[in-house]
Structure formats: C-alpha cells, structure tokens
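File shown: query-v6.txt (compact mmCIF, C-alpha atoms).
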# COMPACT_ATOMS: atom_id res chain seq x y z
CA MET A 1 98.47 94.96 117.57
CA LEU A 2 98.30 91.23 116.85
CA PHE A 3 94.62 91.60 115.92
CA PHE A 4 95.57 94.75 114.01
CA ALA A 5 97.91 92.69 111.82
CA VAL A 6 95.22 90.05 111.19
CA PHE A 7 92.60 92.62 110.19
CA VAL A 8 94.98 94.67 108.03
CA SER A 9 96.16 91.59 106.13
CA GLY A 10 92.54 90.91 105.19
CA SER A 11 92.28 94.35 103.60
CA PHE A 12 95.25 93.47 101.34
CA ALA A 13 93.74 90.14 100.34
CA LEU A 14 90.24 91.51 99.70
CA GLY A 15 91.02 95.10 98.76
CA GLY A 16 92.49 94.28 95.35
CA TYR A 17 89.07 93.15 94.15
CA ALA A 18 87.21 96.20 95.47
CA ALA A 19 89.82 98.62 94.08
CA ARG A 20 88.97 97.59 90.53
CA LEU A 21 85.23 98.25 90.90
CA VAL A 22 85.01 101.67 92.56
CA ASP A 23 87.15 104.81 92.65
CA PRO A 24 89.42 104.46 95.72
CA GLY A 25 88.60 107.93 97.05
CA ALA A 26 84.84 107.39 96.80
CA LEU A 27 85.10 103.93 98.37
CA MET A 28 87.24 105.23 101.22
CA ALA A 29 84.83 108.13 101.87
CA LEU A 30 81.99 105.63 102.33
CA ARG A 31 84.28 103.44 104.42
CA PHE A 32 85.18 106.32 106.75
CA LEU A 33 81.52 107.38 107.01
CA LEU A 34 80.25 103.93 107.98
CA ALA A 35 83.18 103.31 110.34
CA GLY A 36 82.53 106.71 111.94
CA VAL A 37 78.87 105.80 112.50
CA LEU A 38 79.92 102.51 114.11
CA ILE A 39 82.54 104.08 116.38
CA GLY A 40 80.19 107.00 117.15
CA ALA A 41 77.57 104.56 118.41
CA LEU A 42 80.16 102.89 120.65
CA VAL A 43 81.24 106.31 121.96
CA ALA A 44 77.61 107.18 122.78
CA ILE A 45 77.20 103.89 124.64
CA GLY A 46 80.58 104.13 126.38
CA PRO A 47 82.65 107.17 127.36
CA GLY A 48 80.54 109.80 125.58
CA ILE A 49 81.93 113.06 124.17
CA LYS A 50 83.06 115.77 126.57
CA ARG A 51 83.57 119.44 125.85
CA ARG A 52 87.34 119.17 126.15
CA ASP A 53 87.35 116.56 123.36
CA PHE A 54 86.61 119.38 120.89
CA TYR A 55 89.67 121.44 121.86
CA ALA A 56 92.08 121.95 118.96
CA PRO A 57 90.00 120.11 116.32
CA TRP A 58 92.80 120.67 113.80
CA ARG A 59 94.50 117.64 115.38
CA TYR A 60 91.79 115.34 114.05
CA PHE A 61 92.10 116.78 110.56
CA VAL A 62 95.87 116.33 110.50
CA LEU A 63 95.57 112.71 111.59
CA GLY A 64 92.48 112.05 109.49
CA GLY A 65 94.26 113.41 106.42
CA LEU A 66 97.25 111.13 107.03
CA PHE A 67 95.13 108.01 107.45
CA ALA A 68 92.87 108.89 104.53
CA SER A 69 95.97 109.33 102.35
CA TYR A 70 97.26 105.94 103.43
CA PHE A 71 94.05 104.11 102.52
CA VAL A 72 93.45 105.91 99.22
CA LEU A 73 97.02 105.30 98.06
CA MET A 74 96.78 101.69 99.19
CA PHE A 75 93.71 101.03 97.05
CA MET A 76 95.15 102.97 94.12
CA GLY A 77 98.22 100.77 94.37
CA LEU A 78 96.15 97.57 94.56
CA LYS A 79 94.69 98.36 91.14
CA THR A 80 97.95 97.25 89.55
CA ALA A 81 100.07 95.67 92.30
CA ASP A 82 99.81 92.17 93.74
CA PRO A 83 98.50 92.06 97.34
CA LEU A 84 101.63 90.23 98.48
CA ALA A 85 103.86 92.84 96.85
CA THR A 86 102.03 95.69 98.57
CA SER A 87 102.24 93.93 101.92
CA ALA A 88 106.00 93.68 101.33
CA VAL A 89 106.12 97.46 101.00
CA PHE A 90 104.08 97.69 104.21
CA THR A 91 106.93 96.01 106.12
CA LEU A 92 108.97 99.20 105.65
CA THR A 93 106.51 101.05 107.91
CA PRO A 94 108.03 100.03 111.30
CA ILE A 95 111.48 101.33 110.37
CA MET A 96 110.02 104.63 109.13
CA SER A 97 107.81 104.79 112.21
CA ALA A 98 110.88 104.41 114.43
CA GLY A 99 112.50 107.35 112.63
CA PHE A 100 109.44 109.56 112.94
CA GLY A 101 109.05 108.43 116.56
CA TRP A 102 112.49 109.85 117.32
CA ILE A 103 111.82 113.08 115.40
CA LEU A 104 108.41 113.76 116.97
CA MET A 105 108.64 112.11 120.39
CA ARG A 106 112.38 111.49 120.87
CA GLN A 107 111.57 107.80 121.27
CA ILE A 108 114.82 105.88 121.34
CA THR A 109 115.18 102.69 119.30
CA THR A 110 117.54 100.42 121.23
CA LYS A 111 120.12 98.21 119.56
CA ARG A 112 117.98 95.15 120.26
CA MET A 113 114.90 96.84 118.83
CA GLY A 114 116.87 97.96 115.76
CA ALA A 115 118.19 94.43 115.22
CA ALA A 116 114.67 93.05 115.61
CA LEU A 117 113.33 95.50 113.01
CA VAL A 118 115.99 94.38 110.53
CA ILE A 119 115.45 90.66 111.22
CA GLY A 120 111.69 91.04 110.97
CA GLY A 121 112.00 92.99 107.73
CA ILE A 122 114.20 90.30 106.15
CA GLY A 123 111.80 87.59 107.32
CA ALA A 124 108.79 89.43 105.93
CA LEU A 125 110.45 89.98 102.55
CA TRP A 126 111.51 86.31 102.48
CA VAL A 127 107.85 85.38 102.95
CA ILE A 128 106.71 87.81 100.27
CA PHE A 129 109.16 86.57 97.65
CA ARG A 130 108.32 82.98 98.59
CA ALA A 131 111.90 82.00 99.46
CA ASP A 132 113.13 82.88 95.94
CA PHE A 133 116.51 84.50 96.61
CA SER A 134 116.92 85.75 93.04
CA ALA A 135 113.52 87.49 93.25
CA PHE A 136 114.59 88.85 96.63
CA LEU A 137 117.75 90.38 95.11
CA ASP A 138 115.89 91.73 92.05
CA PHE A 139 113.42 93.66 94.21
CA ASP A 140 111.57 95.74 91.64
CA ILE A 141 109.10 98.40 92.78
CA GLY A 142 106.34 99.01 90.25
CA TYR A 143 103.95 101.97 89.93
CA GLY A 144 101.37 100.50 92.30
CA GLU A 145 103.98 99.68 94.93
CA SER A 146 105.44 103.20 94.61
CA LEU A 147 102.03 104.75 95.26
CA PHE A 148 101.53 102.55 98.29
CA PHE A 149 104.99 103.44 99.61
CA LEU A 150 103.86 107.08 99.80
CA GLY A 151 100.82 105.88 101.75
CA CYS A 152 103.09 103.96 104.12
CA ILE A 153 104.98 107.19 104.87
CA SER A 154 101.66 108.72 105.96
CA HIS A 155 100.95 105.68 108.14
CA ALA A 156 104.42 105.85 109.71
CA ILE A 157 103.94 109.53 110.59
CA TYR A 158 100.45 108.87 111.98
CA THR A 159 101.66 106.39 114.61
CA PRO A 160 103.87 108.67 116.75
CA LEU A 161 101.89 111.80 115.87
CA SER A 162 98.66 110.35 117.25
CA ARG A 163 100.40 109.90 120.59
CA LYS A 164 101.88 113.40 120.46
CA LEU A 165 98.55 115.08 119.64
CA ASN A 166 96.40 113.11 122.07
CA ARG A 167 95.47 115.27 125.08
CA GLY A 168 93.92 112.62 127.27
CA GLU A 169 90.95 111.74 125.07
CA ALA A 170 89.70 108.17 125.33
CA PRO A 171 90.86 105.99 122.41
CA LEU A 172 87.29 105.54 121.14
CA VAL A 173 86.61 109.28 121.20
CA PHE A 174 89.92 110.12 119.54
CA THR A 175 89.31 107.47 116.87
CA PHE A 176 85.85 108.92 116.22
CA GLY A 177 87.32 112.38 115.74
CA VAL A 178 89.93 111.08 113.28
CA LEU A 179 87.28 109.17 111.29
CA VAL A 180 84.95 112.16 111.04
CA ALA A 181 87.77 114.45 109.94
CA GLY A 182 89.00 111.86 107.44
CA PHE A 183 85.51 111.51 105.99
CA VAL A 184 85.18 115.29 105.54
CA ILE A 185 88.51 115.41 103.71
CA LEU A 186 87.66 112.44 101.49
CA ALA A 187 84.14 113.71 100.74
CA ILE A 188 85.57 116.99 99.46
CA TYR A 189 88.40 115.30 97.55
CA SER A 190 86.21 112.64 95.92
CA ALA A 191 82.90 114.51 95.55
CA PRO A 192 82.74 114.13 91.70
CA GLU A 193 83.40 110.37 91.85
CA ILE A 194 80.95 109.89 94.73
CA ILE A 195 78.19 111.61 92.75
CA LYS A 196 78.74 109.75 89.47
CA THR A 197 79.15 106.26 91.01
CA ASP A 198 76.04 104.08 90.59
CA TRP A 199 76.13 102.62 94.08
CA LEU A 200 72.94 100.54 93.72
CA SER A 201 74.30 98.58 90.74
CA LEU A 202 77.48 97.43 92.47
CA PRO A 203 77.75 93.63 93.01
CA LEU A 204 76.96 92.04 96.38
CA ILE A 205 80.55 90.87 96.85
CA LEU A 206 81.71 94.49 96.94
CA TRP A 207 79.32 95.29 99.77
CA LEU A 208 80.52 92.24 101.69
CA VAL A 209 84.13 93.38 101.23
CA LEU A 210 83.12 96.90 102.28
CA ALA A 211 81.44 95.52 105.42
CA TYR A 212 84.72 93.80 106.33
CA LEU A 213 86.71 96.96 105.61
CA VAL A 214 84.37 99.09 107.74
CA VAL A 215 84.06 96.84 110.78
CA PHE A 216 87.45 95.14 110.96
CA ALA A 217 89.92 97.00 108.72
CA SER A 218 88.70 100.48 109.71
CA ALA A 219 86.80 100.83 112.99
CA ALA A 220 88.59 97.99 114.77
CA THR A 221 92.08 98.76 113.47
CA PHE A 222 91.72 102.50 114.14
CA PHE A 223 90.78 101.75 117.74
CA LEU A 224 93.45 99.07 118.21
CA LEU A 225 96.17 101.29 116.76
CA GLN A 226 95.10 104.29 118.84
CA TYR A 227 94.93 102.15 122.00
CA SER A 228 98.34 100.60 121.34
CA THR A 229 100.26 103.74 120.36
CA LEU A 230 99.29 105.32 123.69
CA ARG A 231 100.97 102.43 125.50
CA LEU A 232 103.84 101.27 123.25
CA PRO A 233 106.77 102.98 121.52
CA SER A 234 105.97 103.61 117.87
CA ALA A 235 108.54 101.14 116.53
CA LYS A 236 107.33 98.36 118.84
CA ALA A 237 103.67 98.96 118.00
CA MET A 238 104.32 98.96 114.26
CA ALA A 239 106.62 95.91 114.51
CA TYR A 240 103.50 93.77 114.44
CA THR A 241 103.05 94.79 110.81
CA TYR A 242 105.79 92.27 110.06
CA LEU A 243 103.14 89.61 110.59
CA VAL A 244 100.97 91.04 107.80
CA PRO A 245 102.70 89.20 104.90
CA ALA A 246 102.32 85.87 106.71
CA PHE A 247 98.64 86.56 107.36
CA VAL A 248 98.17 87.61 103.71
CA ILE A 249 99.44 84.15 102.72
CA VAL A 250 96.92 82.58 105.12
CA TRP A 251 94.10 84.72 103.73
CA GLN A 252 94.97 83.79 100.15
CA GLY A 253 95.21 80.11 101.07
CA VAL A 254 91.79 80.19 102.73
CA LEU A 255 90.35 81.99 99.70
CA GLY A 256 91.59 79.17 97.47
CA LEU A 257 94.49 81.04 95.88
CA GLY A 258 97.11 78.47 96.92
CA TRP A 259 99.68 78.00 99.70
CA PRO A 260 103.43 78.67 99.57
CA ASP A 261 106.17 76.04 99.69
CA MET A 262 107.70 75.01 103.02
CA PRO A 263 110.93 77.10 102.64
CA VAL A 264 108.77 80.22 102.84
CA PHE A 265 107.97 79.46 106.46
CA MET A 266 111.63 80.09 107.35
CA GLY A 267 110.69 83.74 106.97
CA VAL A 268 107.77 83.28 109.35
CA GLY A 269 110.25 81.92 111.89
CA LEU A 270 112.45 85.02 111.51
CA ILE A 271 109.39 87.22 112.03
CA GLY A 272 108.51 85.29 115.18
CA PHE A 273 112.04 85.74 116.52
CA ALA A 274 111.94 89.47 115.76
CA LEU A 275 108.66 89.81 117.66
CA TYR A 276 110.20 87.94 120.60
CA LEU A 277 113.08 90.45 120.69
CA LEU A 278 110.69 93.39 120.55
CA LEU A 279 108.24 92.15 123.17
CA ARG A 280 110.76 90.82 125.66
CA GLU A 281 111.22 93.11 128.64

Entire entry expressed as structure tokens:
Amino acid sequence: MLFFAVFVSGSFALGGYAARLVDPGALMALRFLLAGVLIGALVAIGPGIKRRDFYAPWRYFVLGGLFASYFVLMFMGLKTADPLATSAVFTLTPIMSAGFGWILMRQITTKRMGAALVIGGIGALWVIFRADFSAFLDFDIGYGESLFFLGCISHAIYTPLSRKLNRGEAPLVFTFGVLVAGFVILAIYSAPEIIKTDWLSLPLILWLVLAYLVVFASAATFFLLQYSTLRLPSAKAMAYTYLVPAFVIVWQGVLGLGWPDMPVFMGVGLIGFALYLLLRE
C-alpha cells in the first residue's frame, strides 16, 4: 500500500496534462486494455487461469465498473481542478472505505483506528492547503473536485467489495478479470470518442504519461490493492492514501513546479503519526 500511494500520486501529478488532450473515457479504455494485456501476460507466466476463475463473472463487471468510474471521474475532474486539490478529496476515501467495510464485511473500526483516520485526514488537508489555515477553513469544492468525489465513493466501495467477492482467486487473476471487465464497459461507454480520436497525431509526452499510467498507476496499483485488501481491513489498507498528498508535492517538486514552505511538513508529521497508529499491532 506504500507503493500504491507512490504510484497513485504520480497519476495526479501527470494526469492533469493528459486529461486536457484526450477524452477521459477513451484514454481510460486504452489504459485498461494495455494494463489488461500486461497483467494477462503475467498471469500466463505465473498462476494461469483455472476453470473456477470464470465462476460468477458478474463479479468482475461490478468491480470493473466501480474502478472504471473512479478513473474516468478522476480525469474529468483534473480537467478543471488542481492536482493537489483532487488529492485532498482523495483523503476522504479511507473514512468512506471504513463505512462501506462495516456495511459489506462488518469490519469494525476501533477507536484508535478512527482517531488515526481523523488525524491523518487533518494532516493531509494541512499539506494540501500548504499550512494556510484560512484556506483550510474556507474549503471550497469546485466542479472538478465534486466529480472526483463521486469517483472516490466508487473507490471506497471497491476496496471492501473486492474482498467480499473474491472466491479464492489469485490476486493477479482477479486483477486481470477486473481489468478486462472494466475495458469492456469503457469501450462501450466511450466508443464514439475512441473512434473519432486521432491517436497517431497525439504528442509523445502523452504516450509517455500513458505508459506510466498503464504500468504503475493501473497494473501495479490494481495488483497491490487487490493483494492488500485480502490481508488488511479496508480502513487500514486505504489509510495509506493519506500519503498521496505528500507524494504529490514531491512529484511536483521533482517536475520543477516548486516546493512548499516548511510549515507544510507539519502535516506530513501528522500523517506519519496516523500511519503509526494504524500499523501498530
């Protein structure tokens, strides 16, 4: 989940550029297709696909639809919203995931875990608003952030539901099924945009961003999330998303977009303390 947070933060930092060049649905369809090919190759090399993996294929379409919704809404939101603002919205996912974890799996969030979620959320928002308390109090959700919030609801449902619907399939195989189902849904939804997009005329930078999204922000994160949710409570697994805003700041600094002032790192300290509370036995 630590690597998950690193890879996801990159999609915020880089995704804003790609979202302005291609229709989000068409881009995500290609992303799911290429990620599915990559994971499918790993499945063929590794565990392989067994007959029982095809039982109840509706499960893959439910989960694929949720994850496809998350990514499409994320890139639609990034058309108008700042990457840091959208990553702030993303910090609401662990709390929602804890709620859905109780509804779907009766996973109990302890007092310590609940306190950690609150502390981590405050720390993440402090990072996002760059230690500006007035901006923190005037939290204003724009259109792009609102769209992404709907996507975060899908993500929060996906986390416990993937554990509930898994029937013993290997994480790689289950991830492959979700990717294929998600691609089918996106291909149908975005067929007109896919057909009219002049793919060959798109700039090289977009293909480089897409390569990152496919390998790290899709195939790798799908597998890491599936692996982790089978072994961790939903709230604890998604708590690592509190690190995303801090990693977004690192990404933007590396990309030459500037670094925050020192007071911002107080929020990083709160996030670290929240993770300590969550991971401590």

### Query
Could you state the separation of atom CA of Val178 of chain A and atom CA of Tyr60 of chain A in Å, given to one decimal place?
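It comes out at 4.7 Å.
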
#### Entry: Closest of A:Gly65, A:Pro94, A:Gly77, A:Gly120 to Ile271 of chain A - atom-to-atom distances counting only C-alpha atoms
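Of A:Gly65, A:Pro94, A:Gly77, A:Gly120, the one nearest Ile271 of chain A is A:Gly120, counting only C-alpha atoms.
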
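Atom CA of Leu161 of chain A to atom CA of Leu104 of chain A spans 6.9 Å [interatomic distance, one decimal].
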
### Query
Pick from A:Leu202, A:Ile128, A:Met1, A:Ala98: nearest to Arg20 of chain A, with all atoms listed in the file counted?
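Once distances to Arg20 of chain A are computed over all atoms listed in the file, the minimum belongs to A:Leu202.
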
### Message
(90.3, 113.6, 100.9) in this file's frame - what residues fall within 8 Å of it? Use all atoms listed in the file and give the answer as a list in words.
### Response
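Within the cut-off we find Gly25, Ala29, Gly65, Ala68, Ser69, Gly182, Phe183, Val184, Ile185, Leu186, Ala187, Ile188, Tyr189 and Ser190 of chain A.
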
Residues of the last selection are to be written out with C-alpha atoms, as a compact mmCIF listing (two decimals), keeping the file's coordinate frame.
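What ended up in result.txt:
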# COMPACT_ATOMS: atom_id res chain seq x y z
CA GLY A 25 88.60 107.93 97.05
CA ALA A 29 84.83 108.13 101.87
CA GLY A 65 94.26 113.41 106.42
CA ALA A 68 92.87 108.89 104.53
CA SER A 69 95.97 109.33 102.35
CA GLY A 182 89.00 111.86 107.44
CA PHE A 183 85.51 111.51 105.99
CA VAL A 184 85.18 115.29 105.54
CA ILE A 185 88.51 115.41 103.71
CA LEU A 186 87.66 112.44 101.49
CA ALA A 187 84.14 113.71 100.74
CA ILE A 188 85.57 116.99 99.46
CA TYR A 189 88.40 115.30 97.55
CA SER A 190 86.21 112.64 95.92

### Task
Compile the contact shell of Leu270 of chain A as a ChimeraX atom specification: residues with an atom at most 9 Å away, counting all atoms listed in the file, same-chain residues fewer than 6 positions apart removed.
/A:119-124

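Nearest to Phe176 of chain A of all the residues A:Leu206, A:Ile39, A:Ala26, A:Leu232 is A:Ile39, counting only C-alpha atoms.
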
### Query
What is the distance, in Å and to one decimal place, between atom CA of Gly48 of chain A and atom CA of Phe223 of chain A?
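Result for atom CA of Gly48 of chain A versus atom CA of Phe223 of chain A: 15.2 Å, one decimal.
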
### Task
Would you mind telling me which residue in A:Thr91, A:Thr110, A:Thr159, A:Ser154 lies nearest to Ala5 of chain A when using only C-alpha atoms?
A:Thr91

### Message
When you count only C-alpha atoms, which of these residues is closest to Pro245 of chain A: A:Thr175, A:Asn166, A:Ser11, A:Thr221?
### Response
A:Ser11

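Between Pro47 of chain A and the residues A:Ala239, A:Leu200, A:Leu172, A:Ala19, the shortest atom-to-atom distance, using only C-alpha atoms, involves A:Leu172.
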
### Task
For segment 80-90 of chain A, list every protein, DNA or RNA residue within 6 Å, evaluated using all atoms listed in the file, and leave out those in the same chain fewer than 4 positions away; present the list as a PyMOL selection string.
chain A and resi 12-13+125+128+144-145+245

Residues from the last selection, C-alpha atoms, saved as a PDB file, in the frame of the given file:
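Heads up, here's the output in part-v7.pdb:
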ATOM      1  CA  PHE A  12      95.250  93.470 101.340  1.00  0.00           C
ATOM      2  CA  ALA A  13      93.740  90.140 100.340  1.00  0.00           C
ATOM      3  CA  LEU A 125     110.450  89.980 102.550  1.00  0.00           C
ATOM      4  CA  ILE A 128     106.710  87.810 100.270  1.00  0.00           C
ATOM      5  CA  GLY A 144     101.370 100.500  92.300  1.00  0.00           C
ATOM      6  CA  GLU A 145     103.980  99.680  94.930  1.00  0.00           C
ATOM      7  CA  PRO A 245     102.700  89.200 104.900  1.00  0.00           C
TER       8      PRO A 245
END

### Message
Quick one: residues within 9 Å of Pro260 of chain A, all atoms listed in the file, excluding same-chain residues fewer than 3 positions away - as a list in words?
### Response
Val127, Arg130, Ile249, Gly253, Pro263, Val264 and Phe265 of chain A

Atoms are missing here; could segment 201-231 of chain A be completed with N, CA and C atoms and written as a compact mmCIF listing (two decimals), in the coordinates of the input?
# COMPACT_ATOMS: atom_id res chain seq x y z
N SER A 201 74.03 99.63 91.72
CA SER A 201 74.30 98.58 90.74
C SER A 201 75.57 97.79 91.05
N LEU A 202 76.25 98.13 92.13
CA LEU A 202 77.48 97.43 92.47
C LEU A 202 77.17 96.01 92.94
N PRO A 203 78.03 95.04 92.64
CA PRO A 203 77.75 93.63 93.01
C PRO A 203 77.76 93.41 94.52
N LEU A 204 77.07 92.36 94.95
CA LEU A 204 76.96 92.04 96.38
C LEU A 204 78.32 91.81 97.01
N ILE A 205 79.24 91.17 96.28
CA ILE A 205 80.55 90.87 96.85
C ILE A 205 81.27 92.14 97.29
N LEU A 206 81.06 93.24 96.56
CA LEU A 206 81.71 94.49 96.94
C LEU A 206 81.19 94.98 98.28
N TRP A 207 79.89 94.85 98.51
CA TRP A 207 79.32 95.29 99.77
C TRP A 207 79.78 94.42 100.93
N LEU A 208 79.99 93.13 100.65
CA LEU A 208 80.52 92.24 101.69
C LEU A 208 81.96 92.63 102.03
N VAL A 209 82.75 92.92 101.00
CA VAL A 209 84.13 93.38 101.23
C VAL A 209 84.11 94.70 101.99
N LEU A 210 83.21 95.61 101.60
CA LEU A 210 83.12 96.90 102.28
C LEU A 210 82.74 96.72 103.74
N ALA A 211 81.83 95.77 104.02
CA ALA A 211 81.44 95.52 105.42
C ALA A 211 82.66 95.08 106.23
N TYR A 212 83.50 94.21 105.64
CA TYR A 212 84.72 93.80 106.33
C TYR A 212 85.65 94.99 106.56
N LEU A 213 85.82 95.80 105.52
CA LEU A 213 86.71 96.96 105.61
C LEU A 213 86.24 97.93 106.68
N VAL A 214 84.92 98.12 106.78
CA VAL A 214 84.37 99.09 107.74
C VAL A 214 84.53 98.59 109.17
N VAL A 215 84.09 97.35 109.41
CA VAL A 215 84.06 96.84 110.78
C VAL A 215 85.46 96.46 111.28
N PHE A 216 86.18 95.69 110.49
CA PHE A 216 87.45 95.14 110.96
C PHE A 216 88.66 95.96 110.52
N ALA A 217 88.73 96.32 109.23
CA ALA A 217 89.92 97.00 108.72
C ALA A 217 89.87 98.51 108.89
N SER A 218 88.78 99.04 109.44
CA SER A 218 88.70 100.48 109.71
C SER A 218 88.43 100.74 111.18
N ALA A 219 87.18 100.51 111.61
CA ALA A 219 86.80 100.83 112.99
C ALA A 219 87.67 100.09 114.00
N ALA A 220 87.81 98.78 113.81
CA ALA A 220 88.59 97.99 114.77
C ALA A 220 90.07 98.36 114.75
N THR A 221 90.65 98.47 113.54
CA THR A 221 92.08 98.76 113.47
C THR A 221 92.40 100.18 113.93
N PHE A 222 91.52 101.14 113.64
CA PHE A 222 91.72 102.50 114.14
C PHE A 222 91.80 102.48 115.65
N PHE A 223 90.82 101.80 116.27
CA PHE A 223 90.78 101.75 117.74
C PHE A 223 91.99 101.02 118.29
N LEU A 224 92.32 99.87 117.71
CA LEU A 224 93.45 99.07 118.21
C LEU A 224 94.76 99.84 118.08
N LEU A 225 94.95 100.53 116.95
CA LEU A 225 96.17 101.29 116.76
C LEU A 225 96.25 102.46 117.73
N GLN A 226 95.12 103.16 117.92
CA GLN A 226 95.10 104.29 118.84
C GLN A 226 95.37 103.81 120.27
N TYR A 227 94.74 102.72 120.66
CA TYR A 227 94.93 102.15 122.00
C TYR A 227 96.39 101.76 122.22
N SER A 228 96.98 101.13 121.20
CA SER A 228 98.34 100.60 121.34
C SER A 228 99.40 101.69 121.33
N THR A 229 99.23 102.70 120.46
CA THR A 229 100.26 103.74 120.36
C THR A 229 100.33 104.61 121.62
N LEU A 230 99.26 104.60 122.42
CA LEU A 230 99.29 105.32 123.69
C LEU A 230 100.05 104.56 124.77
N ARG A 231 100.37 103.28 124.49
CA ARG A 231 100.97 102.43 125.50
C ARG A 231 102.30 101.81 125.07
